[in-house]
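Participant: Structure provided below as C-alpha cells; questions to follow.
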Amino acid sequence: MAAAIEIRGVSKRFTLHHEKSASLKEQMLSIRRKTTSEFWALRDINLDVAKGETLGILGHNGSGKSTLLKCIGGILRPTKGEIRTAGRLAALLELGAGFHHELTGRENVYLNASILGLGKKEVDERFDEIVDFAELEPFIDNQVKNYSSGMFVRLGFAVAVMIEPQILLVDEVLSVGDEAFQAKCLDRVSQFQAEGRTIVLVTHSSDLVRRVCDRVAVLDHGNLIALGPPEDGIQVLREHLFRRRESTGSADPELDALIEATKDSDRVAERTLRARFTSVDMRHENSGSQRWMNTGGWLELHVRFACRYEIDDAVLTVQVHDGLGQVLFQATNEDVGPPLGALPSTGELVLRFPSVPLRDGRYFVSLGLHTADTSEIYDWREQQYEFNVHNQESRPGLVDMPIQVELQPQ
C-alpha cells in the first residue's frame with residue numbers, strides 16, 4: 001500500500017542554554033558565563049504510515065511524541081533525515097496553537113483555514129458548517145482569549161476536519177472537552193477512516209488507541225522502541241513504565257498516572273486463561289464489500305476458543321459499547337438460551353443479532369468467558385472487535401426503535 005507519510009532517519013536536536021549563578025560583583029560587571037548543551041528529542045526515526053491508516057503514538061512525557069508530530073506537520077524542521085507527505089495536511093496540536101488570542105472566533109476561523117491552505121471563498125462556503133460543528137454560534141464573535149480550553153478544541157477541531165485533509169495530525173486534544181463533543185469528534189474520525197484518510201494520533205489513552213488505531217508506535221527518549229498492533233504497543237509501553245518506576249525508587253505522580261492510563265480493565269487483568277478465545281470473525285450483510293453495516297441489518301460473531309483444562313461451568317458474556325466505551329447492551333448466553341455445558345477442547349460459539357437497531361457510528365464488542373458467579377474469569381477481551389453502522393436516514397438519536405402512529409377518531 002502506498003505511503004501517506006514517509007519518515008527516513010529523522011533526528012531532532014535542540015540547544016539548551018544555561019546560566020550559572022554569579023556573585024553580585026560578577027552581575028554588576030556583566031561577567032556571566034553562559035553554557036549550552038544539546039538535547040536530542042528524536043533519534044534516527046524510520047517509519048511509514050500507509051494511506052488510510054490510523055497510527056497511534058505512545059510514550060512517556062518527554063519521549064518525543066509531540067516533537068515527531070510537529071516535524072510531520074512541518075512546524076519543526078528535522079536536524080537530520082527527511083519527511084515526505086502526500087496530500088493536504090491538517091494538524092491539531094496543543095491548545096490554542098494557530099490562534100491569535102486578540103482576534104474573535106470568526107476571525108480565527110479564517111486565519112486558521114488560510115494557514116491550512118483554504119481561500120476566503122472556500123471558508124465562506126463552509127463557515128456555517130464549521131461553527132455548527134463547534135457548537136459556538138453564541139460566542140463566535142468573542143475574542144478567543146476568553147474561550148475555555150474546551151472551546152479552543154471545538155473550534156480547532158472543526159476547522160481542521162472541515163477542510164477535508166488527506167492527513168490529520170491530532171495531539172492529545174481529544175481528551176479535552178465534554179463527553180458529547182468527544183463522541184462527536186470520534187464519529188468524525190470514524191468517517192475519515194471510512195473515507196480512507198490518514199490519521200496520526202498522539203495520546204496517553206490505551207482505550208482510545210484500542211478503539212481507533214490500526215498500529216502503534218512507542219517512543220522512549222526520542223527512540224522508536226516498538227511498532228506494531230495496538231495491544232503489543234500498549235504492553236511494551238506498560239512494561240517500560242514499570243521498569244522506570246522501579247529504577248527511580250521514589251514516588252512519581254506523573255509516572256503513576258501514565259501507568260494507570262495504560263492499565264487493563266480488572267477483568268482483563270484477572271484472566272486465568274484456562275479457556276481462551278483464539279479468534280473472532282465478525283460478519284454482517286455487507287461483509288466483503290463494505291466496512292459498514294446498515295441500521296437494522298444482521299450481525300454475527302464467530303468465536304473460536306480452546307480449553308487447557310476441563311471446563312463445565314462456562315458462561316459467555318457479550319457487551320456492545322459506543323465510541324466512548326459506554327455499555328449500550330450486555331447479555332450472557334444464559335439470558336437467551338440454555339447453559340453451554342461442558343466445553344470441548346476446541347470449538348466455536350456463534351452469536352447472532354438478527355437486527356441491530358443502532359444508528360450511524362462506530363461500535364465495539366467485548367467478550368468474556370467466565371464462571372456463572374464470575375469468581376473466575378477464563379478470558380476477557382475488552383472492546384477489541386469493531387463494527388460500523390451506517391443509517392440511510394438522517395433522524396437523530398442512538399437507536400432506531402420501531403414505532404407506529406395511529407390516528408383514532410374520538
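Chain labels follow the order of the C-alpha cells: the first chain is A, the next B, and so on; residue numbering restarts at 1 in every chain, and ligands are counted from 1 in their shown order.
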Please, which residues of stretch 131-257 of chain A, numbered as in this document, come out alpha helix (DSSP H) from DSSP, as a short mmCIF file (atom, residue, chain, number, x, y, z; two decimals) with C-alpha atoms, in the first residue's frame?
Facilitator:
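Listed below is the output, part-v5.cif:
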data_model
loop_
_atom_site.label_atom_id
_atom_site.label_comp_id
_atom_site.auth_asym_id
_atom_site.auth_seq_id
_atom_site.Cartn_x
_atom_site.Cartn_y
_atom_site.Cartn_z
CA VAL A 131 -19.49 26.97 13.57
CA ASP A 132 -22.33 24.44 13.78
CA PHE A 133 -19.91 21.56 14.34
CA ALA A 134 -18.04 23.54 17.01
CA SER A 149 -9.89 25.03 26.76
CA GLY A 150 -12.91 23.06 25.56
CA MET A 151 -13.99 25.91 23.27
CA PHE A 152 -10.48 26.09 21.78
CA VAL A 153 -10.64 22.38 20.98
CA ARG A 154 -14.10 22.66 19.45
CA LEU A 155 -13.08 25.45 17.10
CA GLY A 156 -9.68 23.99 16.22
CA PHE A 157 -11.07 20.54 15.51
CA ALA A 158 -13.97 21.93 13.48
CA VAL A 159 -11.64 23.94 11.22
CA ALA A 160 -9.20 21.04 10.83
CA VAL A 161 -11.79 18.48 9.78
CA MET A 162 -13.89 20.78 7.62
CA GLU A 179 -18.13 13.60 26.55
CA ALA A 180 -20.75 14.53 23.98
CA PHE A 181 -18.27 16.54 21.92
CA GLN A 182 -15.59 13.85 22.30
CA ALA A 183 -18.10 11.37 20.86
CA LYS A 184 -18.81 13.78 18.02
CA CYS A 185 -15.08 14.05 17.27
CA LEU A 186 -14.66 10.28 17.34
CA ASP A 187 -17.58 9.91 14.93
CA ARG A 188 -15.81 12.28 12.54
CA VAL A 189 -12.58 10.31 12.97
CA SER A 190 -14.53 7.15 12.07
CA GLN A 191 -15.91 8.91 8.99
CA PHE A 192 -12.40 9.90 7.95
CA GLN A 193 -11.25 6.31 8.35
CA ALA A 194 -14.14 5.03 6.24
CA SER A 206 -4.89 2.99 25.79
CA ASP A 207 -8.68 2.72 25.38
CA LEU A 208 -8.62 5.31 22.59
CA VAL A 209 -5.72 3.50 20.92
CA ARG A 210 -7.61 0.20 21.00
CA ARG A 211 -10.75 1.76 19.51
CA VAL A 212 -9.18 3.92 16.83
CA PRO A 230 -2.16 -1.69 19.41
CA GLU A 231 -2.19 -4.37 22.11
CA ASP A 232 1.51 -5.11 21.59
CA GLY A 233 2.43 -1.44 21.73
CA ILE A 234 0.40 -0.84 24.89
CA GLN A 235 2.08 -3.81 26.58
CA VAL A 236 5.58 -2.59 25.60
CA LEU A 237 4.84 0.87 27.00
CA ARG A 238 3.35 -0.50 30.20
CA GLU A 239 6.37 -2.76 30.86
CA HIS A 240 8.71 0.13 30.13
CA LEU A 241 6.87 2.45 32.53
CA PHE A 242 7.01 -0.19 35.27
CA ARG A 243 10.78 -0.53 34.78
CA ARG A 244 11.17 3.25 35.01
CA ARG A 245 9.19 3.37 38.24
CA GLU A 246 11.26 0.56 39.76
CA SER A 247 14.52 2.22 38.75
CA THR A 248 13.60 5.59 40.29
CA PRO A 253 2.67 11.02 40.39
CA GLU A 254 3.12 11.74 36.67
CA LEU A 255 4.55 8.26 36.03
CA ASP A 256 1.81 6.65 38.13
CA ALA A 257 -0.82 8.49 36.07
#
Participant: Find the residues near A:Ser114: any atom within 12 Å, counting only C-alpha atoms, skip ones fewer than 6 places away on the same chain, and give them as a list in words.
Facilitator: Ala90, Gly98, Phe99, Glu107, Asn108, Lys120, Lys121, Glu122, Val123, Asp124, Val159, Ala160 and Ile163 of chain A
Participant: Which residues, written as a list in words, have at least one atom at most 7 Å from A:Arg276, with only C-alpha atoms counted and residues fewer than 4 positions away on the same chain left out?
Facilitator: Phe305, Ala306, Cys307, Tyr378 and Asp379 of chain A
Participant: Grab the atom CA of A:Thr67 to atom CA of A:Asp220 distance for me, in Å with one decimal place.
Facilitator: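 Between atom CA of A:Thr67 and atom CA of A:Asp220 the gap works out to 12.4 Å.
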Participant: Interatomic distance between atom CA of A:Phe353 and atom CA of A:Gly297?
Facilitator: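 Computing the Euclidean distance for atom CA of A:Phe353 and atom CA of A:Gly297 yields 8.5 Å.
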Participant: Between stretch 357-391 of chain A and stretch 330-343 of chain A, at 12 Å or less, what are the per-residue closest atom pairs and their distances in Å? Count only C-alpha atoms, order by chain and rising residue number, and return it as CSV.
Facilitator:
residue,atom,partner,partner_atom,distance
A:Val365,CA,A:Gln330,CA,9.8
A:Ser366,CA,A:Gln330,CA,9.3
A:Leu367,CA,A:Thr332,CA,9.8
A:Gly368,CA,A:Thr332,CA,9.1
A:Leu369,CA,A:Thr332,CA,9.5
A:His370,CA,A:Thr332,CA,10.3
A:Thr371,CA,A:Leu340,CA,11.1
A:Ala372,CA,A:Glu334,CA,9.3
A:Thr374,CA,A:Thr332,CA,11.8
Participant: Nearest to A:Pro344 among A:Ala275, A:Ile225, A:Val280, A:Ile7, with distances taken over only C-alpha atoms: which residue is it?
Facilitator: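 That would be A:Ala275, the residue with the smallest distance to A:Pro344.
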Participant: Considering only strand (DSSP E) as DSSP defines it on the backbone, what residues of stretch 301-331 of chain A qualify? List them as a count of residues only.
Facilitator: 20
Participant: Measuring atom to atom with only C-alpha atoms, identify which of A:Glu135, A:Glu300, A:Glu164, A:Asp313 is nearest to A:Arg283.
Facilitator: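 Result for the nearest residue to A:Arg283: A:Glu300.
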Participant: Please provide the set of residues having any atom within 6 Å of stretch 51-56 of chain A, restricted to only C-alpha atoms, with same-chain residues fewer than 3 positions apart removed, written as a VMD selection string.
Facilitator: chain A and resid 3 to 4 196 to 202 213 to 216
Participant: Please write the residues from the selection above to a file, keeping C-alpha atoms, as a PDB file, in the first residue's frame.
Facilitator:
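See result_39.pdb below for the written result:
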ATOM      1  CA  ALA A   3       2.627   5.600   1.987  1.00  0.00           C
ATOM      2  CA  ALA A   4       0.943   8.852   3.011  1.00  0.00           C
ATOM      3  CA  GLY A 196      -9.574   6.264   3.519  1.00  0.00           C
ATOM      4  CA  ARG A 197      -7.909   9.295   5.108  1.00  0.00           C
ATOM      5  CA  THR A 198      -4.696   9.004   7.133  1.00  0.00           C
ATOM      6  CA  ILE A 199      -4.634   9.895  10.851  1.00  0.00           C
ATOM      7  CA  VAL A 200      -1.703  10.186  13.265  1.00  0.00           C
ATOM      8  CA  LEU A 201      -2.804  10.447  16.886  1.00  0.00           C
ATOM      9  CA  VAL A 202      -0.730  11.221  19.990  1.00  0.00           C
ATOM     10  CA  CYS A 213      -5.679   2.821  15.797  1.00  0.00           C
ATOM     11  CA  ASP A 214      -4.520   0.249  13.263  1.00  0.00           C
ATOM     12  CA  ARG A 215      -0.926   0.346  14.546  1.00  0.00           C
ATOM     13  CA  VAL A 216       1.011   1.951  17.390  1.00  0.00           C
TER      14      VAL A 216
END
Participant: Residues near A:His100, anyone? I mean within 12 Å using only C-alpha atoms, not counting same-chain ones fewer than 3 positions away, as a list in words.
Facilitator: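 Answer for this query is Leu95, Gly96, Ala97, Leu103, Thr104, Gly105, Arg106, Glu107, Asn108, Val109, Tyr110, Leu111, Asn112, Gln143, Val144, Lys145, Asn146, Tyr147 and Phe152 of chain A.
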